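Accompanying notes for the structure given below.
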Amino acid sequence: MKDFLDELDQELDGKTPTPNSDDKKIESVKEEKKQTEQKREWRKITLVLKKDQNKTDNTNSKQNNKKKDNKTYSKNSNGEVRGKFNSNFPETKFYLPSLRKGYTRYMPIWGNNETWAKNMWMIQYWDDIVLIDCGVQFADKDMLWVNYSIPDVSFLTKYKKEIKGMLITHAHLDHIGSLKHVLPALGMPPIYATRFTLGLIRKSLEEAGLIPHATFIEIDASTGDKFKVGSFTVEYFNVNHSVPDCAWIYLESEGGTKMVHTWDFKIDHTPAIDKPADLDRIKAIWDRDISLFLSDSTGSTRKGFSMSEKNVWEELERIVANHKRGRLIIATFSSWISRIQQLVDICEKYDKTIFLSGRSMIENVAIAKELGYLNIKQGIVKKMTPKNTEWIAPHKQIVVTTGSQWEEFSALSRMAEWRHTSVEIIRWDTIIFSSSIVPGNEKSVIGIINKLIKLWARVITKDDWEVHTWGHAFQEEQKIFLELIRPKYFMPIFGDLYFRTVHANTAIWEGFKEENILMLDNGNIVDFAPNNGSVFKSRIKAPIAELVIDGHGMWLANSHVIKAREKMMNAWVLVVSFKVDKKTKAILGHIKLETRGLVYLEEVRFIHRMIIKKSREVYENTVKDVPDMEEKDLVKILRTDLEKFLLHKLDREPMIIPMVTEV
Ligand SMILES: [Zn+2]
C-alpha cells in the first residue's frame with residue numbers, strides 16, 4: 001500500500017519545488033527523467049485497476065482471475081473463500097420462516113435503530129435473496145476501544161446459494177465498510193454498484209485479498225436500464241448526496257411487489273460534481289404504482305430545505321480570496337469528493353496549492369482522479385510533506401485534511417497537538433471545519449477546537465459561515481419525494497427511532513394513513529402479498545447480534561471482555577493474592593494486594609490493612625465451613641463478600657480479582 005500511495009503522490013505532485021525557481025515553470029532534465037519513471041509506475045497501477053474493471057464487463061472472467069491468483073488468495077477445504085479479515089460469524093440455529101407463494105419479504109438487518117451505522121437490508125422472493133448495502137459502524141469511546149462494529153449476518157450464512165447479489169447504493173463506509181468481512185461468509189455474491197462506488201469497494205477488497213474472488217457489475221444509474229438479479233428486476237437512478245454517484249434502487253419482485261429503496265439522499269439543484277436530482281424520472285417511477293417506499297430519516301428533524309453545494313463553493317471562494325496571512329487548513333470528510341473539486345477550482349483561480357493530509361484523503365482523491373470524478377491540473381494538488389511545503393509561502397498553502405470528527409490519530413489531531421511531521425499550527429493559521437459533527441462526537445470535536453484556539457489559530461465552523469452543507473434531505477425535501485413516489489406503504493429507515501418517528505409524522509402530515517406506515521426494528525420481518533396486496537408483519541424476529549471487530553477477532557459486543565472493560569472504565573481494580581498450603585489450606589505468609597484507581601495515597605495504609613484483614617476473615621471462615629471447596633467457588637465467595645464490604649465501608653465498587661495459589 002505504501003508504494004501505491006507514493007506513486008499516487010508523485011502522480012498528483014507533478015514535480016517537487018526547488019529553492020531558486022518557480023515550481024510551476026522550471027524543470028531540470030533529471031527531474032523530467034524522474035517524472036517519466038514515476039508516470040510509468042503509475043500506469044502500471046492504472047493497468048492493474050483497469051484489469052479489475054474489465055471484470056465488470058464480463059462476470060465470467062471471475063474464474064480466470066481465480067486461476068491467476070490462486071497462489072495469493074486462499075480457500076479452505078470446503079471451497080470457502082478466506083480473506084485477510086475475519087469472516088467467522090457465530091453459528092445460529094435461526095432459519096427464515098417459510099415464505100408464502102408469490103409473497104415478497106423485507107427485513108432490516110441493521111440501520112434502523114441507529115444513525116450512521118452499518119446499514120444492511122434483505123429482500124427475499126421465493127428462494128432468491130438480494131442484499132442492499134453492507135456498512136460499518138465506526139468505534140467511539142462508548143464502544144470500549146474495539147476497532148469497529150459490523151452487521152451480524154450469521155443467519156444468512158446458511159443461505160449462500162439463495163443470495164443472488166449485493167446491491168450497493170453509495171460509497172460511504174457505513175454502506176460498504178463491512179463487505180470485506182461479510183462477502184466471504186456469504187459465498188462472494190456479485191456486487192452491483194455505480195462506477196465511483198465500485199472504485200472504493202475495489203480498494204477495500206484489494207486490502208482484504210478478495211479481488212480474485214469478487215464479481216463487480218458496474219451500473220450506470222443515469223440510463224434507466226433495468227437488469228435482473230435472480231428473479232428480481234432492478235433499476236438504479238441518481239440522487240444527490242455527499243459522495244459522487246449515489247443511487248436509489250427500484251426493485252420489483254416476480255410477485256409484483258415494487259419497491260423504491262433510498263438510502264442517503266438530498267435534493268440539490270446546483271451540486272458540485274453530480275447532476276441535479278432528476279425529479280422527472282423519479283416522478284415517472286410513481287406511475288409504476290409503488291408498493292413500498294423506504295426513505296432516509298437522518299434529516300427528518302430539520303425544517304426547510306438543505307443548503308446547496310453552490311453556497312459552500314461561494315463561501316469557500318470568498319474565504320480563500322481574502323486569506324492573506326498564515327495557512328488555511330480545511331478539515332472535511334475524505335469521501336466528499338465534490339468539496340475537493342470545489343477547492344481545486346478555487347485554488348487554481350487564486351494561485352494557491354492544495355496539500356492533502358491523511359491516508360484516506362490521499363487514497364480517495366487518487367481513486368476519484370483515476371476514475372474521472374476529479375479534474376486536477378498538474379501542480380495544483382500535492383501530498384503534505386515537509387519537502388513539498390518548504391518553498392511555498394504559508395498563505396499560498398491550503399491543507400485539506402481528515403480529522404473533522406476527532407479521530408484520535410487523524411492528521412488534524414496531530415496538528416492540534418504539534419505531533420504532525422509537516423504542520424505546526426501557529427498564530428495566523430485558519431482552520432475551517434467544512435463538515436458536520438457526527439452525533440456523539442461533539443465533545444471530542446470541541447476538544448480539538450479548544451486546542452487549536454490555544455495555539456492562537458482562527459477556527460471557522462458551519463455555525464459561523466456557510467462552509468458546509470448536509471448530505472441528507474430536510475423535511476421539505478422529504479415531503480417532495482413522498483409526493484413524487486406516492487407509495488401504498490411507507491417505511492422510514494436509517495435512523496434512531498426518534499428520527500424515524502419524525503419522518504413518519506411528516507408522512508402523516510402529507511396525508512399518509514398511519515396504518516400504511518411501517519416502523520421496523522432490526523430483525524423484524526414483513527411479507528408483502530402479491531401484486532401490491534396487504535402486508536404481514538411476522539411475530540418471528542431474526543436474532544441480530546451486535547458484533548465487533550477487536551484486533552483480529554470478531555466478538556459479540558456483550559462478551560465478558562467488553563463487559564470487563566466497561567467495569568474497569570467505571571470502577572477500579574483490586575487484586576487480592578493468597579498463597580495457601582495445598583493440604584491444610586492455611587494461608588502462608590502475607591496476603592498481597594494490588595490496586596489501580598482505588599486508594600488515594602493518604603489512605604493507603606489504613607485501607608490496605610482493612611482489606612487484608614477482611615480477606616483473611618472471609619477466606620478462613622469459608623475454608624473452615626467447607627474445606628474441600630472448589631477453587632472457582634471459593635474465588636466467587638471472596639469476590640462477592642469483598643465487594644459488599646468495600647461498598648459498605650468505602651462506597652466504592654472496584655473490579656475484584658481474588659487469586660488463590662496452592663503450594
Ligand atoms: Zn452516505
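In the C-alpha cells, each chain is lettered A, B, ... as it comes, each chain's residues begin at 1, and ligands are numbered from 1 in order of appearance.
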
Could you list, as an mmCIF file with N, CA and C atoms, in the first residue's frame, all residues that come within 10 Å of ligand 1? Count only C-alpha atoms and all ligand atoms.
data_model
loop_
_atom_site.group_PDB
_atom_site.id
_atom_site.type_symbol
_atom_site.label_atom_id
_atom_site.label_comp_id
_atom_site.auth_asym_id
_atom_site.auth_seq_id
_atom_site.Cartn_x
_atom_site.Cartn_y
_atom_site.Cartn_z
ATOM 1 N N TRP A 116 -26.199 6.605 11.084
ATOM 2 C CA TRP A 116 -24.849 6.485 10.520
ATOM 3 C C TRP A 116 -24.165 5.204 10.976
ATOM 4 N N THR A 169 -25.721 1.193 -2.661
ATOM 5 C CA THR A 169 -26.264 2.500 -3.039
ATOM 6 C C THR A 169 -25.183 3.556 -3.233
ATOM 7 N N HIS A 170 -24.198 3.595 -2.316
ATOM 8 C CA HIS A 170 -23.149 4.616 -2.464
ATOM 9 C C HIS A 170 -21.920 4.241 -1.654
ATOM 10 N N ALA A 171 -20.882 5.087 -1.750
ATOM 11 C CA ALA A 171 -19.539 4.667 -1.335
ATOM 12 C C ALA A 171 -19.164 5.029 0.091
ATOM 13 N N HIS A 172 -20.097 5.501 0.908
ATOM 14 C CA HIS A 172 -19.735 5.796 2.293
ATOM 15 C C HIS A 172 -19.461 4.502 3.061
ATOM 16 N N LEU A 173 -18.547 4.598 4.036
ATOM 17 C CA LEU A 173 -18.149 3.382 4.744
ATOM 18 C C LEU A 173 -19.286 2.769 5.564
ATOM 19 N N ASP A 174 -20.251 3.577 5.984
ATOM 20 C CA ASP A 174 -21.372 2.970 6.708
ATOM 21 C C ASP A 174 -22.324 2.239 5.747
ATOM 22 N N HIS A 175 -21.919 2.157 4.463
ATOM 23 C CA HIS A 175 -22.682 1.384 3.466
ATOM 24 C C HIS A 175 -21.837 0.323 2.764
ATOM 25 N N ILE A 176 -20.511 0.465 2.813
ATOM 26 C CA ILE A 176 -19.663 -0.539 2.134
ATOM 27 C C ILE A 176 -18.574 -1.126 3.047
ATOM 28 N N HIS A 241 -26.111 13.482 -3.005
ATOM 29 C CA HIS A 241 -25.677 13.175 -1.632
ATOM 30 C C HIS A 241 -24.310 13.819 -1.450
ATOM 31 N N SER A 242 -23.538 13.364 -0.491
ATOM 32 C CA SER A 242 -22.242 13.979 -0.221
ATOM 33 C C SER A 242 -21.081 13.180 -0.788
ATOM 34 N N VAL A 243 -21.390 12.238 -1.641
ATOM 35 C CA VAL A 243 -20.354 11.444 -2.289
ATOM 36 C C VAL A 243 -20.819 11.250 -3.737
ATOM 37 N N CYS A 246 -24.102 8.607 -6.125
ATOM 38 C CA CYS A 246 -25.040 7.988 -5.181
ATOM 39 C C CYS A 246 -26.315 7.576 -5.934
ATOM 40 N N TRP A 263 -31.233 5.226 0.153
ATOM 41 C CA TRP A 263 -30.549 5.409 1.415
ATOM 42 C C TRP A 263 -30.208 6.877 1.427
ATOM 43 N N ASP A 264 -29.036 7.281 1.689
ATOM 44 C CA ASP A 264 -28.768 8.695 1.904
ATOM 45 C C ASP A 264 -29.050 9.511 0.639
ATOM 46 N N PHE A 265 -29.722 10.644 0.785
ATOM 47 C CA PHE A 265 -30.003 11.478 -0.376
ATOM 48 C C PHE A 265 -30.390 12.887 0.047
ATOM 49 N N ASP A 296 -34.628 7.688 3.736
ATOM 50 C CA ASP A 296 -33.625 8.186 4.695
ATOM 51 C C ASP A 296 -34.247 9.156 5.709
ATOM 52 N N SER A 335 -14.325 11.362 1.686
ATOM 53 C CA SER A 335 -15.141 10.897 0.551
ATOM 54 C C SER A 335 -15.951 12.030 -0.079
ATOM 55 N N TRP A 336 -15.873 13.238 0.496
ATOM 56 C CA TRP A 336 -16.649 14.357 -0.041
ATOM 57 C C TRP A 336 -15.891 14.936 -1.237
ATOM 58 N N GLY A 471 -25.574 16.275 3.675
ATOM 59 C CA GLY A 471 -25.826 15.407 2.526
ATOM 60 C C GLY A 471 -27.186 14.735 2.601
ATOM 61 N N HIS A 472 -27.990 15.111 3.579
ATOM 62 C CA HIS A 472 -29.279 14.431 3.791
ATOM 63 C C HIS A 472 -30.445 15.408 3.649
#

Margin query: Need to verify the contact set: Gly553 (chain A), 12 Å, only C-alpha atoms, exclusion of same-chain residues closer than 5 positions in sequence. Can you return it as a PyMOL selection string?
Written below: chain A and resi 84-90+146-149+181+547-548

Note to self: When you look at Lys396 (chain A) with a cut-off of 9 Å (counting only C-alpha atoms), what residues show up, excluding the ones that are within fewer than 6 positions of it in the same chain? I need them as a list in words.
What the structure shows: His323, Lys324, Arg325, Gly326, Arg327, Leu328, Cys347, Tyr350, Asp351, Lys352, Thr353 and Ile354 of chain A

Note to self: I need the residue nearest Pro487 (chain A) from this list: A:Gly83, A:Gly511, A:Gly209, A:Gly523. Use only C-alpha atoms for the distance.
What the structure shows: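 Of A:Gly83, A:Gly511, A:Gly209, A:Gly523, the one nearest Pro487 (chain A) is A:Gly511, counting only C-alpha atoms.
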
Next item on the list: as a ChimeraX atom specification, list the residues of region 405-614 of chain A assigned to strand (DSSP E) by DSSP on the backbone atoms of this structure.
Entry: /A:430-433,458-460,489-493,526-528,535-537,547-550,553-556,573-580,592-596

Only C-alpha atoms, please: the residues just picked out, written as a PDB file, in the first residue's frame.
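And here's out.pdb as it stands now:
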ATOM      1  CA  THR A 430      -7.028  29.459   9.949  1.00  0.00           C
ATOM      2  CA  ILE A 431      -8.783  26.119  10.374  1.00  0.00           C
ATOM      3  CA  ILE A 432     -12.126  25.559   8.648  1.00  0.00           C
ATOM      4  CA  PHE A 433     -14.322  22.656   9.712  1.00  0.00           C
ATOM      5  CA  ARG A 458      -8.589  31.046  13.966  1.00  0.00           C
ATOM      6  CA  VAL A 459     -11.372  28.444  13.737  1.00  0.00           C
ATOM      7  CA  ILE A 460     -14.374  28.654  11.394  1.00  0.00           C
ATOM      8  CA  TYR A 489     -46.709   1.706   2.134  1.00  0.00           C
ATOM      9  CA  PHE A 490     -44.018   3.979   3.525  1.00  0.00           C
ATOM     10  CA  MET A 491     -41.151   2.870   5.745  1.00  0.00           C
ATOM     11  CA  PRO A 492     -38.874   5.469   7.377  1.00  0.00           C
ATOM     12  CA  ILE A 493     -35.395   3.946   7.599  1.00  0.00           C
ATOM     13  CA  VAL A 526     -42.588  -8.139   6.818  1.00  0.00           C
ATOM     14  CA  ASP A 527     -44.099 -10.081   3.915  1.00  0.00           C
ATOM     15  CA  PHE A 528     -45.945  -8.354   1.065  1.00  0.00           C
ATOM     16  CA  VAL A 535     -48.510  -6.572   4.298  1.00  0.00           C
ATOM     17  CA  PHE A 536     -47.973  -9.091   7.096  1.00  0.00           C
ATOM     18  CA  LYS A 537     -45.558  -8.435   9.933  1.00  0.00           C
ATOM     19  CA  LEU A 547     -20.742  -7.859  16.564  1.00  0.00           C
ATOM     20  CA  VAL A 548     -17.474  -6.017  16.996  1.00  0.00           C
ATOM     21  CA  ILE A 549     -14.046  -6.370  15.422  1.00  0.00           C
ATOM     22  CA  ASP A 550     -11.325  -6.132  18.054  1.00  0.00           C
ATOM     23  CA  GLY A 553     -11.090 -11.226  16.300  1.00  0.00           C
ATOM     24  CA  MET A 554     -14.842 -10.972  15.766  1.00  0.00           C
ATOM     25  CA  TRP A 555     -16.777 -10.949  19.030  1.00  0.00           C
ATOM     26  CA  LEU A 556     -20.192 -10.293  20.499  1.00  0.00           C
ATOM     27  CA  VAL A 573      -9.193  -2.815  40.146  1.00  0.00           C
ATOM     28  CA  LEU A 574      -8.284  -4.743  43.293  1.00  0.00           C
ATOM     29  CA  VAL A 575      -6.224  -7.926  43.066  1.00  0.00           C
ATOM     30  CA  VAL A 576      -6.079  -9.994  46.295  1.00  0.00           C
ATOM     31  CA  SER A 577      -3.443 -12.713  46.177  1.00  0.00           C
ATOM     32  CA  PHE A 578      -3.374 -15.656  48.643  1.00  0.00           C
ATOM     33  CA  LYS A 579      -0.644 -18.302  48.886  1.00  0.00           C
ATOM     34  CA  VAL A 580      -2.070 -21.349  50.747  1.00  0.00           C
ATOM     35  CA  LYS A 592      -0.744  -9.387  48.876  1.00  0.00           C
ATOM     36  CA  LEU A 593      -2.790  -6.574  47.352  1.00  0.00           C
ATOM     37  CA  GLU A 594      -2.518  -4.718  44.043  1.00  0.00           C
ATOM     38  CA  THR A 595      -4.880  -1.832  43.424  1.00  0.00           C
ATOM     39  CA  ARG A 596      -5.426   0.550  40.484  1.00  0.00           C
TER      40      ARG A 596
END

Checklist line | Counting only C-alpha atoms, the residue of A:Lys585, A:Lys93, A:Arg639, A:Arg486 that sits nearest Asp289 (chain A) | finding: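 Going through A:Lys585, A:Lys93, A:Arg639, A:Arg486 one by one, the smallest distance to Asp289 (chain A) is for A:Arg486.
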
Item checked: helix (DSSP H, G or I) residues, from DSSP on the backbone, in region 330-571 of chain A, as a ChimeraX atom specification -> /A:337-349,359-370,386-389,394-396,411-416,442-454,475-485,497-509,514-516,560-570
